[in-house]
Amino acid sequence: MTERHDDLIDEGVLRRALRLEQHERAPHFDAQAIAALAARTRTAPPVLVVALFASTLTGAVAIAVWSALLGAAPSFLDGVVAAALDGVVVLATLLISVAEIASQPAVPLSLIAALGVAILYELRERRERAHAHAS
């Protein structure tokens, strides 16, 4: 820790930090000039009034929009949940009827397996004919 810490930054470090090329010059930041410019530049009162009015108007519009959204959210979500529930009921009704048919003793598992084999056979036959006609 015998290095001397001063306010100067190495030029190479500064160029890498600012991503300057070798031929470019680093910008000169003069704190006194910036402070003098800030002190000299004053915001006019009409500009402050307009900014305050715009901020107030923006806040009022935001409050109105969020209040409307939060007021409409329960009825909207109720409709979404009701539609989803109706879809679940339709799907459950279909699945229960399919399960009941499959569990009946009149429909043995061999018939379901035969149906699957017939479907696969037809798909294979259709694919081979389509391939034969294409060439």
# chains A, B, ... in the order shown; residues from 1 in each chain; ligands from 1

call {"tool": "select_by_dssp", "arguments": {"residues": "region 4-120 of chain A", "states": "helix (DSSP H, G or I)", "output": "PyMOL selection string"}}
result
chain A and resi 11-18+31-40+45-103+109-120

call {"tool": "atom_distance", "arguments": {"atom1": "CA of Gly116 (chain A)", "atom2": "CA of Ile96 (chain A)"}}
result
20.7 Å

call {"tool": "decode", "arguments": {"residues": "region 90-105 of chain A", "atoms": "N, CA, C and O atoms", "output": "tab-separated table (two decimals), in the first residue's frame"}}
result
chain	number	residue	atom	x	y	z
A	90	VAL	N	-66.77	-29.63	-19.58
A	90	VAL	CA	-66.96	-30.32	-20.86
A	90	VAL	C	-65.91	-31.41	-21.04
A	90	VAL	O	-66.23	-32.53	-21.45
A	91	LEU	N	-64.66	-31.11	-20.73
A	91	LEU	CA	-63.58	-32.08	-20.87
A	91	LEU	C	-63.79	-33.26	-19.92
A	91	LEU	O	-63.62	-34.41	-20.31
A	92	ALA	N	-64.18	-32.96	-18.68
A	92	ALA	CA	-64.41	-34.04	-17.71
A	92	ALA	C	-65.57	-34.92	-18.14
A	92	ALA	O	-65.52	-36.15	-18.00
A	93	THR	N	-66.63	-34.32	-18.66
A	93	THR	CA	-67.77	-35.10	-19.14
A	93	THR	C	-67.35	-36.03	-20.26
A	93	THR	O	-67.74	-37.20	-20.30
A	94	LEU	N	-66.54	-35.53	-21.19
A	94	LEU	CA	-66.07	-36.36	-22.29
A	94	LEU	C	-65.17	-37.48	-21.79
A	94	LEU	O	-65.33	-38.64	-22.20
A	95	LEU	N	-64.26	-37.18	-20.90
A	95	LEU	CA	-63.34	-38.19	-20.39
A	95	LEU	C	-64.06	-39.25	-19.57
A	95	LEU	O	-63.72	-40.44	-19.64
A	96	ILE	N	-65.06	-38.83	-18.80
A	96	ILE	CA	-65.81	-39.80	-18.00
A	96	ILE	C	-66.60	-40.73	-18.90
A	96	ILE	O	-66.63	-41.96	-18.68
A	97	SER	N	-67.21	-40.20	-19.95
A	97	SER	CA	-67.97	-41.07	-20.85
A	97	SER	C	-67.04	-42.03	-21.59
A	97	SER	O	-67.38	-43.21	-21.77
A	98	VAL	N	-65.88	-41.60	-22.00
A	98	VAL	CA	-64.91	-42.49	-22.65
A	98	VAL	C	-64.44	-43.55	-21.68
A	98	VAL	O	-64.32	-44.74	-22.03
A	99	ALA	N	-64.18	-43.17	-20.43
A	99	ALA	CA	-63.73	-44.14	-19.43
A	99	ALA	C	-64.82	-45.16	-19.13
A	99	ALA	O	-64.54	-46.34	-18.92
A	100	GLU	N	-66.08	-44.72	-19.07
A	100	GLU	CA	-67.18	-45.65	-18.82
A	100	GLU	C	-67.33	-46.63	-19.97
A	100	GLU	O	-67.55	-47.83	-19.75
A	101	ILE	N	-67.21	-46.17	-21.20
A	101	ILE	CA	-67.33	-47.06	-22.35
A	101	ILE	C	-66.19	-48.07	-22.35
A	101	ILE	O	-66.39	-49.26	-22.61
A	102	ALA	N	-65.00	-47.62	-22.05
A	102	ALA	CA	-63.84	-48.52	-22.05
A	102	ALA	C	-63.91	-49.53	-20.91
A	102	ALA	O	-63.36	-50.63	-21.02
A	103	SER	N	-64.58	-49.19	-19.82
A	103	SER	CA	-64.65	-50.11	-18.69
A	103	SER	C	-65.81	-51.08	-18.79
A	103	SER	O	-65.92	-51.98	-17.96
A	104	GLN	N	-66.67	-50.94	-19.76
A	104	GLN	CA	-67.80	-51.86	-19.93
A	104	GLN	C	-67.28	-53.22	-20.39
A	104	GLN	O	-66.36	-53.31	-21.19
A	105	PRO	N	-67.91	-54.29	-19.90
A	105	PRO	CA	-67.45	-55.62	-20.33
A	105	PRO	C	-67.76	-55.91	-21.79
A	105	PRO	O	-67.15	-56.79	-22.38
